[in-house]
Amino acid sequence: MIDFETPEPIKKQQYVLTTVAENMMRPVSRYFDEHEHEIPWDYINFMHMAMRQTGAGSLAPREGKPDKDKPERPKIGYQMLAFMLEILAWGDVGMYLVTPGGGLGAAAVEATGTPEQKQKFLARFRDEKPTFAAMAMTEPQAGSDTSAIRSTAVLDKETKEWVLNGEKIFVTAGQKALEESNGFVVVWATIDPKAGRAGMRPFVVEAGTPGVKVTKLEHKMGIRCSDTASIVLQNARVPYDHILGNPEVVDEKTTKGFKGAMATFDATRPLVAATAVGVARATVETLKQLLAEQGVNIRYGLPRQKLTAIEKEVIDMEVMLRSAWLMVLKAVWMADNRMHNPLEASMAKVRCGDVVTKITQKAVELMGPLGYSRDLLLEKWFRDAKISDIYEGTGQINRLIVARNILGYRGSELR
Amino acid sequence: MYSFVPDEDQKMLIEVINRYAANDLRPKARDADEALGFSAQVIHKGWELGVLQASIPEEYGGFGDRSAVTGVLAIEEMAYGDLAGTLAVMTPGLFALPILLVGSEEQKQKYLPEIVEADWQPYTAALIEPSFDFDPRELRLKAEETTDGYLLSGKKINVPFADQASAMLVYANLEGKTQGFIVEGRPAGMEVGEPHKLLGINALPNFPVTFNNVWVSRVQRLGGPDGHAFEPIFASMHVAMAAAAVGLSRAAFEYARDYAKEREAFGVKIAQKQAIAFMLAEMATEIEAIRLLTWEAAWMIDHQKEDANKEAYLALTGATDMAMMVTDRAVQILGGYGYIREYPVEMWMRNGRGFPMLNGLLLV
């Protein structure tokens with residue numbers, strides 16, 4: 001039965017998170033934009049404490065066994081997460097990206113790790129101190145085309161260790177994972193450079209591993225609060241069981257490793273899309289409020305011919321915003337219900353990347369000189385928004401995925 | 001709790017309508033467009049699917065309760081077959097649903113069983129007016145109160161089946177408010193003009209109707225002497241039209257997709273070119289986005305949510321742009337074949353242009 005009622009636990013969470021976003025993020029949003037690479041420890045420590053207490057937002061497995069006497073509740077974990085991310089991004093998407101709890105690194109472990117690995121690597125997010133994790137995929141010569149990855153992992157048969165070499169760039173929270181906490185980075189490397197995607201495997205590289213170094217922090221257009229690190233691996237040794245998934249398949253030439261990465265994206269793309277919606281909603285709400293202060297109120301229900309140009313723009317923004325959010329909801333709802341969702345995940349990402357860039361660009365324009373000024377946050381959101389259409393798969397790569405799905409084509413048929 | 005799957009009854013209904021859309025409406029749509037109408041047989045068959053009947057409670061002769069969600073699911077599926085055919089089949093709903101939604105008990109008793117227990121009959125409604133800035137909430141056709149009723153004066157266009165209408169719901173401006181008035185037969189002062197030819201939906205016979213001091217009694221005012229709210233009808237129009245736009249766009253998208261997978265150029269199927277594949281990906285994404293918005297708006301109507309009217313308006317606004325974007329691209333993907341009348345896509349593009357101005361010709 002089609003239903004759009006927000007579940008009660010989510011409603012409760014919404015209220016609390018909005019308070020956090022309003023009081024802990026918005027007031028310092030501008031400060032951290034203008035002080036790139038400063039770390040918002042107040043926010044991080046608060047979120048860590050709150051999430052430890054409530055268990056919210058964390059992918060870390062809960063302690064203890066499930067209570068068999070309690071009836072099983074409907075699974076809404078991904079939905080909770082999507083709502084949480086949307087609201088935090090509404091507060092400040094750069095700050096959201098430094099929320100402790102594992103981020104994409106933990107998501108990769110969750111999606112591809114064995115139960116033992118999940119236990120081993122995810123437990124640390126419950127530690128007393130905030131902990132970060134990151135995903136290292138991109139290399140200078142390999143972005144969307146992940147088969148071009150050159151980082152290598154070679155098994156040292158004597159010590160039963162993997163020896164990693166290579167350079168990773170654009171690692172979100174890489175610095176916090178390796179230098180500011182006892183975290184880890186999931187590094188994608190090839191065990192057979194000639195095998196292309198079939199050689200790709202994810203490895204957990206923990207903070208403090210010798211031979212691993214953060215070499216650079218990027219200076220960016222937006223989301224400046226979030227560190228974007230370059231990481232160099234020079235004969236970095238990790239234990240044998242740090243290869244995610246079943247180590248038995250190590251010798252097989254399969255694309256399982258690559259598929260693991262893609263499975264991670266099916267789970268994370270709608271979540272990244274949710275953050276785009278957060279920025280878009282912040283923009284539309286602020287724009288409407290600023291217009292209302294100038295006596296411009298939006299009249300719904302009129303034919304377009306009778307609307308002012310501003311009304312038309314705002315109404316179009318609301319159509320984009322709401323429909324994009326519903327696509328996110330459907331994608332995470334499918335994930336919660338264990339339905340195969342690569343099409344919906346990529347559609348949501350395409351749509352949300354599109355709408356957040358359009359909405360923020362238009363909002364700056366509609367507010368005229370005020371929109372262009374740093375007195376308001378609109379110009380910041382314009383800068384923050386653009387990354388949504390780039391990271392976690394560009395709009396174009398996601399279009400390609402959507403296209404292959406709707407056409408029933410393999411990668412070789414639609415390149 | 002969120003859910004994005006129709007229930008079992010809805011699935012069955014969709015399946016039945018899909019068969020009618022694919023086997024009856026679609027194959028006859030082109031001829032009907034050229035001949036300016038479907039055969040009575042096709043329309044009656046569509047009526048027998050029971051979409052409207054299922055919205056009317058048993059006490060008024062139907063066999064269900066009105067659900068906007070079920071309504072939009074049904075409309076999408078039927079419009080997937082043909083838009084004009086859908087409008088023709090559903091025309092009696094233009095008269096019956098406002099009565100169900102805001103009519104007086106007396107009006108429900110009098111009209112609903114008569115409509116839903118019988119075969120398809122030309123009950124219709126007159127809303128649209130011939131002005132560029134036509135606005136259902138600021139009508140030009142005036143209703144003036146007299147000692148014993150109302151006098152209607154003004155012009156309507158796009159009134160489906162007006163030439164043979166058993167009764168017609170006429171929307172008029174009564175002291176700044178949009179109010180419906182039930183006009184039976186052909187009273188003095190009412191004139192039905194020649195069939196009106198349009199850019200699209202040619203298979204829906206529609207007529208201009210002129211009202212020159214047409215008198216209606218007090219009890220013929222929709223809702224009774226105290227009248228009614230127009231917003232619930234307006235919201236219903238928005239989601240119904242939005243759903244029709246989704247169905248039509250889906251038809252155009254699927255046709256273009258299948259063509260692109262067959263047609264070869266430069267040694268490959270054109271669907272294997274990113275220029276075409278990306279167009280299709282964006283069409284599919286757009287359709288899914290607007291479908292969800294339409295579903296949510298319909299759900300909000302069913303659950304009497306505060307913002308239901310606004311969301312319904314947003315749904316049609318988005319659907320209007322979606323229909324144009326998708327049908328234009330479908331024609332483009334078929335190239336020259338898209339432009340010739342042997343293929344259906346040019347008709348879908350012409351029909352697709354109509355959603356904002358034809359709003360009011362469909363209810364759920």
# chains A, B, ... in the order shown; residues from 1 in each chain; ligands from 1
>>> interface_residues(of="chain A", to="chain B", cutoff="6 Å", atoms="only C-alpha atoms", output="NGL selection string")
:A and (1-7 or 301 or 305 or 319 or 323 or 347 or 399 or 402-403 or 414)
>>> residues_around(residues="Leu87 in chain B", least_positions_apart="6", cutoff="10 Å", atoms="only C-alpha atoms", output="list in words")
Ile43, Ile75, Met78, Ala79, Gly93, Leu94, Pro160, Ile201, Ala203, Leu204, Pro205, Met241, Ala244, Leu361, Leu362 and Leu363 of chain B
>>> select_by_dssp(residues="range 283-388 of chain A", states="helix (DSSP H, G or I)", output="number ranges by chain")
A: 283-293, 304-306, 309-336, 342-366, 368-372, 378-388
>>> residues_around(residues="range 154-156 of chain B", least_positions_apart="4", cutoff="9 Å", atoms="only C-alpha atoms", output="list in words")
Ala126, Leu127, Ile128, Glu129, Pro130, Arg140, Leu141, Lys142, Ala143, Val170, Ala172, Phe207, Pro208, Val209, Thr210, Phe211, Asn212 and Asn213 of chain B
>>> closest_atom_pairs(of="range 120-166 of chain B", to="range 96-109 of chain B", cutoff="10 Å", atoms="only C-alpha atoms", output="tab-separated table")
residue	atom	partner	partner_atom	distance
B:Tyr123	CA	B:Ala96	CA	8.0
B:Thr124	CA	B:Ala96	CA	8.6
B:Ala125	CA	B:Ala96	CA	9.5
>>> select_by_dssp(residues="range 168-376 of chain A", states="strand (DSSP E or B)", output="ChimeraX atom specification")
/A:168-172,184-190,200-206,212-217,228-239,243
